[in-house]
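Everything below belongs to coords_19.pdb, which stores PDB, C-alpha atoms.
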ATOM      1  CA  MET E1101     -10.470  13.544  -1.401  1.00  0.00           C
ATOM      2  CA  SER E1102      -9.907  12.716   2.283  1.00  0.00           C
ATOM      3  CA  LEU E1103     -11.547   9.365   3.011  1.00  0.00           C
ATOM      4  CA  ARG E1104     -11.485   6.719   5.697  1.00  0.00           C
ATOM      5  CA  CYS E1105     -11.299   3.181   4.350  1.00  0.00           C
ATOM      6  CA  LEU E1106     -11.928  -0.041   6.273  1.00  0.00           C
ATOM      7  CA  ILE E1107     -10.501  -3.199   4.685  1.00  0.00           C
ATOM      8  CA  THR E1108     -10.664  -6.829   5.775  1.00  0.00           C
ATOM      9  CA  ALA E1109      -8.146  -9.409   4.607  1.00  0.00           C
ATOM     10  CA  GLY E1110      -6.976 -12.985   5.024  1.00  0.00           C
ATOM     11  CA  PRO E1111      -8.759 -16.076   6.343  1.00  0.00           C
ATOM     12  CA  THR E1112     -10.511 -16.786   9.603  1.00  0.00           C
ATOM     13  CA  ARG E1113      -9.980 -19.876  11.736  1.00  0.00           C
ATOM     14  CA  GLU E1114     -12.881 -21.679  13.369  1.00  0.00           C
ATOM     15  CA  PHE E1115     -11.753 -24.036  16.131  1.00  0.00           C
ATOM     16  CA  PHE E1116     -13.277 -27.310  17.293  1.00  0.00           C
ATOM     17  CA  ASP E1117     -10.630 -27.804  20.008  1.00  0.00           C
ATOM     18  CA  PRO E1118      -7.700 -25.656  21.211  1.00  0.00           C
ATOM     19  CA  VAL E1119      -5.309 -26.859  18.483  1.00  0.00           C
ATOM     20  CA  ARG E1120      -7.493 -27.802  15.503  1.00  0.00           C
ATOM     21  CA  PHE E1121      -9.502 -25.552  13.255  1.00  0.00           C
ATOM     22  CA  VAL E1122     -11.146 -25.170   9.839  1.00  0.00           C
ATOM     23  CA  SER E1123      -9.862 -22.440   7.550  1.00  0.00           C
ATOM     24  CA  ASN E1124      -9.000 -21.730   3.909  1.00  0.00           C
ATOM     25  CA  PRO E1125      -5.878 -20.921   1.834  1.00  0.00           C
ATOM     26  CA  SER E1126      -6.334 -17.128   1.748  1.00  0.00           C
ATOM     27  CA  THR E1127      -3.008 -15.326   2.315  1.00  0.00           C
ATOM     28  CA  GLY E1128      -4.377 -11.771   2.609  1.00  0.00           C
ATOM     29  CA  LYS E1129      -2.218 -10.503  -0.270  1.00  0.00           C
ATOM     30  CA  MET E1130      -5.107  -8.833  -2.114  1.00  0.00           C
ATOM     31  CA  GLY E1131      -6.397  -7.080   0.984  1.00  0.00           C
ATOM     32  CA  PHE E1132      -2.949  -5.902   2.027  1.00  0.00           C
ATOM     33  CA  ALA E1133      -2.297  -4.621  -1.504  1.00  0.00           C
ATOM     34  CA  LEU E1134      -5.575  -2.693  -1.355  1.00  0.00           C
ATOM     35  CA  ALA E1135      -4.633  -1.223   2.026  1.00  0.00           C
ATOM     36  CA  THR E1136      -1.322  -0.012   0.588  1.00  0.00           C
ATOM     37  CA  ALA E1137      -2.996   1.428  -2.516  1.00  0.00           C
ATOM     38  CA  ALA E1138      -5.634   3.210  -0.438  1.00  0.00           C
ATOM     39  CA  ARG E1139      -2.958   4.708   1.810  1.00  0.00           C
ATOM     40  CA  GLN E1140      -0.982   5.839  -1.243  1.00  0.00           C
ATOM     41  CA  ALA E1141      -4.151   7.561  -2.444  1.00  0.00           C
ATOM     42  CA  GLY E1142      -4.081   9.621   0.746  1.00  0.00           C
ATOM     43  CA  TRP E1143      -6.847   7.765   2.573  1.00  0.00           C
ATOM     44  CA  THR E1144      -6.883   6.841   6.256  1.00  0.00           C
ATOM     45  CA  VAL E1145      -6.869   3.037   6.338  1.00  0.00           C
ATOM     46  CA  ASP E1146      -7.971   0.554   9.001  1.00  0.00           C
ATOM     47  CA  LEU E1147      -7.045  -3.043   8.137  1.00  0.00           C
ATOM     48  CA  VAL E1148      -8.685  -5.947   9.957  1.00  0.00           C
ATOM     49  CA  ALA E1149      -6.779  -9.122   9.098  1.00  0.00           C
ATOM     50  CA  GLY E1150      -7.067 -12.768   9.962  1.00  0.00           C
ATOM     51  CA  PRO E1151      -3.958 -14.930  10.477  1.00  0.00           C
ATOM     52  CA  VAL E1152      -1.483 -14.011   7.719  1.00  0.00           C
ATOM     53  CA  ALA E1153       2.298 -13.900   7.263  1.00  0.00           C
ATOM     54  CA  LEU E1154       2.593 -10.413   5.767  1.00  0.00           C
ATOM     55  CA  PRO E1155       4.291  -7.249   7.033  1.00  0.00           C
ATOM     56  CA  GLU E1156       2.062  -4.437   8.256  1.00  0.00           C
ATOM     57  CA  PRO E1157       1.575  -1.906   5.433  1.00  0.00           C
ATOM     58  CA  ALA E1158       3.193   1.465   6.109  1.00  0.00           C
ATOM     59  CA  GLY E1159       0.809   4.097   7.446  1.00  0.00           C
ATOM     60  CA  VAL E1160      -2.029   1.619   7.965  1.00  0.00           C
ATOM     61  CA  VAL E1161      -3.595   0.726  11.327  1.00  0.00           C
ATOM     62  CA  LEU E1162      -3.662  -3.083  11.564  1.00  0.00           C
ATOM     63  CA  TYR E1163      -6.129  -4.988  13.743  1.00  0.00           C
ATOM     64  CA  PRO E1164      -5.194  -8.705  13.915  1.00  0.00           C
ATOM     65  CA  VAL E1165      -8.058 -11.150  14.524  1.00  0.00           C
ATOM     66  CA  VAL E1166      -8.454 -14.920  14.283  1.00  0.00           C
ATOM     67  CA  THR E1167     -12.081 -16.046  14.211  1.00  0.00           C
ATOM     68  CA  ALA E1168     -15.087 -14.773  12.275  1.00  0.00           C
ATOM     69  CA  ASP E1169     -16.622 -13.551  15.536  1.00  0.00           C
ATOM     70  CA  GLU E1170     -13.506 -11.510  16.329  1.00  0.00           C
ATOM     71  CA  MET E1171     -13.481 -10.052  12.823  1.00  0.00           C
ATOM     72  CA  SER E1172     -17.174  -9.199  13.063  1.00  0.00           C
ATOM     73  CA  ARG E1173     -16.751  -7.390  16.385  1.00  0.00           C
ATOM     74  CA  GLN E1174     -13.710  -5.426  15.189  1.00  0.00           C
ATOM     75  CA  VAL E1175     -15.267  -4.422  11.870  1.00  0.00           C
ATOM     76  CA  ASP E1176     -18.492  -3.406  13.616  1.00  0.00           C
ATOM     77  CA  ALA E1177     -16.517  -1.135  15.942  1.00  0.00           C
ATOM     78  CA  LEU E1178     -14.811   0.621  13.012  1.00  0.00           C
ATOM     79  CA  PHE E1179     -17.643   0.631  10.480  1.00  0.00           C
ATOM     80  CA  GLY E1180     -19.492   3.746  11.596  1.00  0.00           C
ATOM     81  CA  ALA E1181     -16.501   6.011  10.975  1.00  0.00           C
ATOM     82  CA  CYS E1182     -15.543   4.634   7.559  1.00  0.00           C
ATOM     83  CA  ASP E1183     -16.502   6.037   4.157  1.00  0.00           C
ATOM     84  CA  ILE E1184     -15.573   2.870   2.250  1.00  0.00           C
ATOM     85  CA  LEU E1185     -15.664  -0.761   3.364  1.00  0.00           C
ATOM     86  CA  ILE E1186     -13.792  -3.306   1.242  1.00  0.00           C
ATOM     87  CA  MET E1187     -14.340  -6.885   2.401  1.00  0.00           C
ATOM     88  CA  THR E1188     -11.620  -9.014   0.840  1.00  0.00           C
ATOM     89  CA  ALA E1189     -11.384 -11.404   3.803  1.00  0.00           C
ATOM     90  CA  ALA E1190     -12.239 -15.051   3.167  1.00  0.00           C
ATOM     91  CA  VAL E1191     -14.474 -15.390   6.209  1.00  0.00           C
ATOM     92  CA  SER E1192     -15.535 -18.929   7.054  1.00  0.00           C
ATOM     93  CA  ASP E1193     -19.132 -19.725   6.099  1.00  0.00           C
ATOM     94  CA  TRP E1194     -19.430 -22.376   8.808  1.00  0.00           C
ATOM     95  CA  ARG E1195     -17.892 -23.063  12.207  1.00  0.00           C
ATOM     96  CA  PRO E1196     -17.949 -26.087  14.505  1.00  0.00           C
ATOM     97  CA  LYS E1197     -21.060 -25.963  16.665  1.00  0.00           C
ATOM     98  CA  VAL E1198     -19.111 -27.092  19.721  1.00  0.00           C
ATOM     99  CA  ARG E1199     -15.605 -25.963  20.676  1.00  0.00           C
ATOM    100  CA  HIS E1200     -14.080 -28.559  22.976  1.00  0.00           C
ATOM    101  CA  PRO E1201     -12.077 -27.078  25.880  1.00  0.00           C
ATOM    102  CA  GLU E1202      -9.318 -29.706  25.652  1.00  0.00           C
ATOM    103  CA  LYS E1203      -7.490 -31.356  22.746  1.00  0.00           C
ATOM    104  CA  LEU E1204      -9.497 -34.267  21.398  1.00  0.00           C
ATOM    105  CA  LYS E1205      -7.533 -37.501  21.651  1.00  0.00           C
ATOM    106  CA  LYS E1206      -7.114 -39.811  18.691  1.00  0.00           C
ATOM    107  CA  GLN E1207      -8.683 -43.097  19.729  1.00  0.00           C
ATOM    108  CA  GLY E1208      -8.942 -44.908  16.412  1.00  0.00           C
ATOM    109  CA  GLN E1209     -12.579 -44.152  15.679  1.00  0.00           C
ATOM    110  CA  ALA E1210     -14.042 -41.717  13.165  1.00  0.00           C
ATOM    111  CA  LEU E1211     -14.782 -38.162  14.272  1.00  0.00           C
ATOM    112  CA  THR E1212     -17.962 -36.315  13.332  1.00  0.00           C
ATOM    113  CA  VAL E1213     -18.020 -32.521  13.691  1.00  0.00           C
ATOM    114  CA  GLU E1214     -21.318 -30.655  13.446  1.00  0.00           C
ATOM    115  CA  PHE E1215     -21.146 -27.207  11.851  1.00  0.00           C
ATOM    116  CA  GLU E1216     -23.350 -24.126  12.111  1.00  0.00           C
ATOM    117  CA  PRO E1217     -23.508 -21.122   9.764  1.00  0.00           C
ATOM    118  CA  VAL E1218     -21.444 -18.028  10.540  1.00  0.00           C
ATOM    119  CA  PRO E1219     -23.453 -14.768  10.399  1.00  0.00           C
ATOM    120  CA  ASP E1220     -22.589 -12.826   7.233  1.00  0.00           C
ATOM    121  CA  ILE E1221     -20.593  -9.747   8.249  1.00  0.00           C
ATOM    122  CA  LEU E1222     -21.139  -7.759   5.055  1.00  0.00           C
ATOM    123  CA  THR E1223     -24.886  -8.399   4.875  1.00  0.00           C
ATOM    124  CA  THR E1224     -25.253  -7.331   8.503  1.00  0.00           C
ATOM    125  CA  LEU E1225     -23.328  -4.103   7.936  1.00  0.00           C
ATOM    126  CA  ALA E1226     -25.204  -3.292   4.723  1.00  0.00           C
ATOM    127  CA  ALA E1227     -28.442  -3.317   6.697  1.00  0.00           C
ATOM    128  CA  GLN E1228     -27.143  -0.623   9.060  1.00  0.00           C
ATOM    129  CA  ARG E1229     -25.119   1.545   6.671  1.00  0.00           C
ATOM    130  CA  ARG E1230     -25.475   5.301   6.757  1.00  0.00           C
ATOM    131  CA  PRO E1231     -26.070   7.394   3.621  1.00  0.00           C
ATOM    132  CA  GLY E1232     -22.906   7.921   1.594  1.00  0.00           C
ATOM    133  CA  GLN E1233     -21.028   4.807   2.718  1.00  0.00           C
ATOM    134  CA  LEU E1234     -19.633   2.702  -0.132  1.00  0.00           C
ATOM    135  CA  LEU E1235     -19.623  -1.068   0.377  1.00  0.00           C
ATOM    136  CA  VAL E1236     -17.452  -3.386  -1.714  1.00  0.00           C
ATOM    137  CA  GLY E1237     -17.406  -7.169  -1.434  1.00  0.00           C
ATOM    138  CA  PHE E1238     -15.205  -9.903  -2.887  1.00  0.00           C
ATOM    139  CA  ALA E1239     -16.470 -13.214  -4.223  1.00  0.00           C
ATOM    140  CA  ALA E1240     -14.098 -16.192  -4.316  1.00  0.00           C
ATOM    141  CA  GLU E1241     -15.711 -18.749  -6.612  1.00  0.00           C
ATOM    142  CA  THR E1242     -14.781 -22.088  -8.172  1.00  0.00           C
ATOM    143  CA  GLU E1243     -17.509 -22.149 -10.852  1.00  0.00           C
ATOM    144  CA  ASP E1244     -19.949 -19.746 -12.551  1.00  0.00           C
ATOM    145  CA  VAL E1245     -17.799 -16.953 -11.155  1.00  0.00           C
ATOM    146  CA  GLU E1246     -19.663 -13.970 -12.573  1.00  0.00           C
ATOM    147  CA  ALA E1247     -23.168 -15.360 -12.059  1.00  0.00           C
ATOM    148  CA  ASN E1248     -22.484 -16.296  -8.444  1.00  0.00           C
ATOM    149  CA  ALA E1249     -20.888 -12.918  -7.764  1.00  0.00           C
ATOM    150  CA  ARG E1250     -23.836 -11.064  -9.287  1.00  0.00           C
ATOM    151  CA  ALA E1251     -26.217 -13.015  -7.052  1.00  0.00           C
ATOM    152  CA  LYS E1252     -24.162 -12.039  -3.989  1.00  0.00           C
ATOM    153  CA  LEU E1253     -24.131  -8.400  -5.075  1.00  0.00           C
ATOM    154  CA  VAL E1254     -27.931  -8.355  -5.052  1.00  0.00           C
ATOM    155  CA  GLN E1255     -28.349 -10.531  -1.963  1.00  0.00           C
ATOM    156  CA  LYS E1256     -25.961  -8.521   0.196  1.00  0.00           C
ATOM    157  CA  LYS E1257     -27.294  -5.150  -1.075  1.00  0.00           C
ATOM    158  CA  ILE E1258     -23.839  -3.655  -1.639  1.00  0.00           C
ATOM    159  CA  ASP E1259     -22.459  -1.252  -4.246  1.00  0.00           C
ATOM    160  CA  PHE E1260     -19.703  -3.296  -5.896  1.00  0.00           C
ATOM    161  CA  ILE E1261     -18.407  -6.832  -5.862  1.00  0.00           C
ATOM    162  CA  ALA E1262     -15.071  -8.066  -7.226  1.00  0.00           C
ATOM    163  CA  ALA E1263     -15.259 -11.661  -8.395  1.00  0.00           C
ATOM    164  CA  ASN E1264     -12.242 -13.925  -8.746  1.00  0.00           C
ATOM    165  CA  SER E1265     -11.716 -17.606  -9.392  1.00  0.00           C
ATOM    166  CA  VAL E1266     -10.011 -19.710  -6.729  1.00  0.00           C
ATOM    167  CA  ALA E1267     -10.257 -22.952  -8.702  1.00  0.00           C
ATOM    168  CA  GLY E1268      -7.227 -25.069  -9.552  1.00  0.00           C
ATOM    169  CA  PRO E1269      -3.513 -24.208  -9.529  1.00  0.00           C
ATOM    170  CA  ASP E1270      -4.154 -20.855 -11.254  1.00  0.00           C
ATOM    171  CA  GLY E1271      -6.656 -19.709  -8.638  1.00  0.00           C
ATOM    172  CA  ALA E1272      -6.312 -16.452  -6.729  1.00  0.00           C
ATOM    173  CA  PHE E1273      -5.529 -17.921  -3.289  1.00  0.00           C
ATOM    174  CA  GLY E1274      -1.833 -17.480  -2.540  1.00  0.00           C
ATOM    175  CA  ALA E1275      -0.971 -16.262  -6.048  1.00  0.00           C
ATOM    176  CA  GLU E1276       0.876 -13.054  -6.871  1.00  0.00           C
ATOM    177  CA  THR E1277      -1.506 -12.317  -9.750  1.00  0.00           C
ATOM    178  CA  ASN E1278      -5.259 -12.218 -10.077  1.00  0.00           C
ATOM    179  CA  ARG E1279      -8.106 -11.407 -12.458  1.00  0.00           C
ATOM    180  CA  LEU E1280     -11.148  -9.526 -11.220  1.00  0.00           C
ATOM    181  CA  ILE E1281     -14.605  -9.080 -12.658  1.00  0.00           C
ATOM    182  CA  VAL E1282     -15.916  -5.942 -10.968  1.00  0.00           C
ATOM    183  CA  LEU E1283     -19.708  -5.627 -10.927  1.00  0.00           C
ATOM    184  CA  GLY E1284     -21.746  -2.670  -9.711  1.00  0.00           C
ATOM    185  CA  ALA E1285     -25.298  -2.453  -8.415  1.00  0.00           C
ATOM    186  CA  ASP E1286     -25.965   0.134 -11.134  1.00  0.00           C
ATOM    187  CA  GLY E1287     -25.064  -2.347 -13.898  1.00  0.00           C
ATOM    188  CA  PHE E1288     -21.357  -1.487 -14.027  1.00  0.00           C
ATOM    189  CA  ARG E1289     -19.034  -4.239 -15.280  1.00  0.00           C
ATOM    190  CA  GLN E1290     -15.282  -4.156 -15.814  1.00  0.00           C
ATOM    191  CA  VAL E1291     -12.667  -6.890 -16.112  1.00  0.00           C
ATOM    192  CA  MET E1292      -9.298  -6.142 -14.504  1.00  0.00           C
ATOM    193  CA  GLY E1293      -6.210  -8.222 -15.219  1.00  0.00           C
ATOM    194  CA  PRO E1294      -4.724 -10.706 -15.237  1.00  0.00           C
ATOM    195  CA  ALA E1295      -2.187  -8.564 -13.400  1.00  0.00           C
ATOM    196  CA  THR E1296      -0.305  -8.495 -10.129  1.00  0.00           C
ATOM    197  CA  LYS E1297      -2.398  -7.918  -7.051  1.00  0.00           C
ATOM    198  CA  THR E1298      -0.521  -4.672  -6.494  1.00  0.00           C
ATOM    199  CA  VAL E1299      -1.605  -3.345  -9.894  1.00  0.00           C
ATOM    200  CA  LEU E1300      -5.180  -4.595  -9.462  1.00  0.00           C
ATOM    201  CA  ALA E1301      -5.391  -2.930  -6.058  1.00  0.00           C
ATOM    202  CA  GLN E1302      -4.322   0.402  -7.527  1.00  0.00           C
ATOM    203  CA  GLN E1303      -6.856   0.048 -10.348  1.00  0.00           C
ATOM    204  CA  LEU E1304      -9.677  -0.830  -7.978  1.00  0.00           C
ATOM    205  CA  ILE E1305      -8.928   2.064  -5.623  1.00  0.00           C
ATOM    206  CA  ALA E1306      -8.834   4.428  -8.630  1.00  0.00           C
ATOM    207  CA  LEU E1307     -12.199   3.063  -9.785  1.00  0.00           C
ATOM    208  CA  LEU E1308     -13.785   3.589  -6.368  1.00  0.00           C
ATOM    209  CA  LEU E1309     -12.362   7.100  -6.137  1.00  0.00           C
ATOM    210  CA  GLN E1310     -13.778   7.926  -9.563  1.00  0.00           C
ATOM    211  CA  HIS E1311     -17.174   6.584  -8.503  1.00  0.00           C
ATOM    212  CA  LEU E1312     -17.174   8.659  -5.318  1.00  0.00           C
ATOM    213  CA  THR E1313     -16.061  11.781  -7.167  1.00  0.00           C
ATOM    214  CA  VAL E1314     -18.851  11.459  -9.747  1.00  0.00           C
ATOM    215  CA  HIS E1315     -21.533  10.840  -7.124  1.00  0.00           C
ATOM    216  CA  ALA E1316     -20.301  13.706  -4.955  1.00  0.00           C
ATOM    217  CA  ARG E1317     -21.071  16.261  -7.663  1.00  0.00           C
TER     218      ARG E1317
END
Serialized structure, C-alpha cells:
Amino acid sequence: MSLRCLITAGPTREFFDPVRFVSNPSTGKMGFALATAARQAGWTVDLVAGPVALPEPAGVVLYPVVTADEMSRQVDALFGACDILIMTAAVSDWRPKVRHPEKLKKQGQALTVEFEPVPDILTTLAAQRRPGQLLVGFAAETEDVEANARAKLVQKKIDFIAANSVAGPDGAFGAETNRLIVLGADGFRQVMGPATKTVLAQQLIALLLQHLTVHAR
C-alpha cells in the first residue's frame, strides 16, 4: 500500500530571550524510529523534528524546526498531502508571553516569566482533516498514564493514541526502550513492549497498516 506519512519528533524550544528557553528532555528517538519503520514499509515519509542530535533517516525528508510555532507551520503545510499523521513530538504546552530581544542580565534579583498556552497542533489539524486521513497522537504522562491518554484521545478527536510513561529514571525520554499502551477511538487497546524503540516502531507501523487495510475493504 503506497502511503504518505507525516511524523513529528523531538522537543520544541520556547525562548524568553535570545539564549534562554524552556524545553523538555525528548530526544526524538521514537519519532525517528517510526520514520525509519514507515520508510521500510515502503511509505513516503516527511519528518518534522525539533532540535535533536540524531542522523537523518535514510530515504526520509527531514524538516528541522525549533519552536512550536515553526513546527505548527511546517506540519500545516504538509498535512493536506499526508495519509497518516503520527505526532510523537513533545511540543511545549506553554511559552513565555514575552520574548526579550536582548539577553537578560543577571542583576541579583528574582526573575518572573509569564507564560501563555501554545495552540494544540494535533487538535487543530483534527478539525480540518479530510476523509480517510489517519491521525495518531502520543501521550507522555507521569501518572494515570492510560486514563490521561484516553482523555486526550477523545478530546483531540483522533484515531489512535500511544501512551508512555516519562516518570522517573525508567521513563521513555532519552531511553533506548519504551512501553506503549495503544488506544483506539473504536475501543481498541494493545500493550506493546517493553522493547526497543526500533521494535516498537515496527510494531506500531504494522498495526496502522493493518487498520488501514481492513478499513479500505
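Taken over the whole file, the PyMOL selection byres ((chain E and resi 1125) around 12) covers exactly E:Gly1110, E:Pro1111, E:Thr1112, E:Arg1113, E:Val1122, E:Ser1123, E:Asn1124, E:Ser1126, E:Thr1127, E:Gly1128, E:Lys1129, E:Gly1150, E:Pro1151, E:Val1152, E:Ala1189, E:Ala1190, E:Val1191, E:Ser1192, E:Ala1240, E:Val1266, E:Ala1267, E:Gly1271, E:Ala1272, E:Phe1273, E:Gly1274, E:Ala1275.
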Pick from E:Ala1181, E:Leu1308, E:Ala1153, E:Leu1162, whichever lies nearest to Ala1137 in chain E using all atoms listed in the file:
E:Leu1308
Could you list, as JSON, numbers by chain, every residue within 9 Å of Asp1193 in chain E, counting all atoms listed in the file and ignoring same-chain residues fewer than 6 positions away?
{"E": [1168, 1216, 1217, 1218, 1219, 1220]}
Selected residues written out with C-alpha atoms, as an mmCIF file, keeping the file's coordinate frame:
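File produced: result13.cif:
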data_model
loop_
_atom_site.group_PDB
_atom_site.id
_atom_site.type_symbol
_atom_site.label_atom_id
_atom_site.label_comp_id
_atom_site.auth_asym_id
_atom_site.auth_seq_id
_atom_site.Cartn_x
_atom_site.Cartn_y
_atom_site.Cartn_z
ATOM 1 C CA ALA E 1168 -15.087 -14.773 12.275
ATOM 2 C CA GLU E 1216 -23.350 -24.126 12.111
ATOM 3 C CA PRO E 1217 -23.508 -21.122 9.764
ATOM 4 C CA VAL E 1218 -21.444 -18.028 10.540
ATOM 5 C CA PRO E 1219 -23.453 -14.768 10.399
ATOM 6 C CA ASP E 1220 -22.589 -12.826 7.233
#
All residues 10 Å or closer to Leu1307 in chain E, all atoms listed in the file, same chain fewer than 5 positions away omitted, as a compact mmCIF listing (two decimals) with C-alpha atoms, in the frame of the given file:
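The file below, part-v8.txt, is the result:
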# COMPACT_ATOMS: atom_id res chain seq x y z
CA VAL E 1282 -15.92 -5.94 -10.97
CA GLN E 1290 -15.28 -4.16 -15.81
CA ALA E 1301 -5.39 -2.93 -6.06
CA GLN E 1302 -4.32 0.40 -7.53
CA LEU E 1312 -17.17 8.66 -5.32
CA THR E 1313 -16.06 11.78 -7.17
CA of Val1236 in chain E to CA of Phe1215 in chain E, distance in Å rounded to a single decimal:
27.7 Å
Taking only C-alpha atoms into account, name the residue in E:Pro1294, E:Phe1288, E:Arg1229, E:Leu1283 that is nearest to Lys1252 in chain E.
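For Lys1252 in chain E, the nearest of the candidates is E:Leu1283.
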Chain and number of each residue from the PyMOL selection byres ((chain E and resi 1222) around 8), as JSON, numbers by chain:
{"E": [1187, 1220, 1221, 1223, 1224, 1225, 1226, 1237, 1256]}
Resulting file, chosen residues, C-alpha atoms, as a compact mmCIF listing (two decimals), in the frame of the given file:
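Result written to out.txt:
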# COMPACT_ATOMS: atom_id res chain seq x y z
CA MET E 1187 -14.34 -6.88 2.40
CA ASP E 1220 -22.59 -12.83 7.23
CA ILE E 1221 -20.59 -9.75 8.25
CA THR E 1223 -24.89 -8.40 4.88
CA THR E 1224 -25.25 -7.33 8.50
CA LEU E 1225 -23.33 -4.10 7.94
CA ALA E 1226 -25.20 -3.29 4.72
CA GLY E 1237 -17.41 -7.17 -1.43
CA LYS E 1256 -25.96 -8.52 0.20
Starting from the PyMOL selection byres ((chain E and resi 1121) around 10), expand the selection into actual residues of this file and give them as a PyMOL selection string.
chain E and resi 1112-1120+1122-1123+1167+1195-1196+1199
Go through E:Ala1149, E:Leu1103, E:Val1213, E:Leu1154 and flag the residue nearest Val1166 in chain E, using all atoms listed in the file for the distances.
E:Ala1149
So that I can check the surroundings of range 1134-1136 of chain E, please list as JSON, numbers by chain every protein, DNA and RNA residue that reaches within 12 Å of it, counting all atoms listed in the file and ignoring chain neighbours fewer than 3 positions away.
{"E": [1104, 1105, 1106, 1107, 1108, 1109, 1128, 1129, 1130, 1131, 1139, 1140, 1141, 1142, 1143, 1144, 1145, 1146, 1147, 1148, 1149, 1155, 1156, 1157, 1158, 1159, 1160, 1161, 1162, 1184, 1185, 1186, 1187, 1188, 1189, 1236, 1296, 1297, 1298, 1299, 1300, 1301, 1302, 1303, 1304, 1305, 1306, 1308]}
Separation of CA of Tyr1163 in chain E and CA of Ala1177 in chain E, in Å?
11.3 Å
Please give the centre and size of the box around range 1133-1138 of chain E (axis-aligned, containing every atom listed in the file, 8 Å added per side), with values in Å to one decimal and written as lines of an AutoDock Vina configuration file.
center_x = -3.5
center_y = -0.7
center_z = -0.2
size_x = 20.3
size_y = 23.8
size_z = 20.5
Env of Pro1231 in chain E: 12 Å cut, atoms = all atoms listed in the file, seq-sep filter 4 positions within chain, self excluded. Answer as a VMD selection string.
chain E and resid 1180 1182 to 1184 1226 to 1227 1235
Residues as selected, C-alpha atoms, written as a short mmCIF file (atom, residue, chain, number, x, y, z; two decimals), in the frame of the given file, can you do that?
data_model
loop_
_atom_site.label_atom_id
_atom_site.label_comp_id
_atom_site.auth_asym_id
_atom_site.auth_seq_id
_atom_site.Cartn_x
_atom_site.Cartn_y
_atom_site.Cartn_z
CA GLY E 1180 -19.49 3.75 11.60
CA CYS E 1182 -15.54 4.63 7.56
CA ASP E 1183 -16.50 6.04 4.16
CA ILE E 1184 -15.57 2.87 2.25
CA ALA E 1226 -25.20 -3.29 4.72
CA ALA E 1227 -28.44 -3.32 6.70
CA LEU E 1235 -19.62 -1.07 0.38
#
Here is a test: counting all atoms listed in the file, which residue of E:Gln1310, E:Ala1133, E:Ala1263, E:Val1165 is nearest to Glu1243 in chain E?
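Among the listed residues, the smallest separation from Glu1243 in chain E belongs to E:Ala1263.
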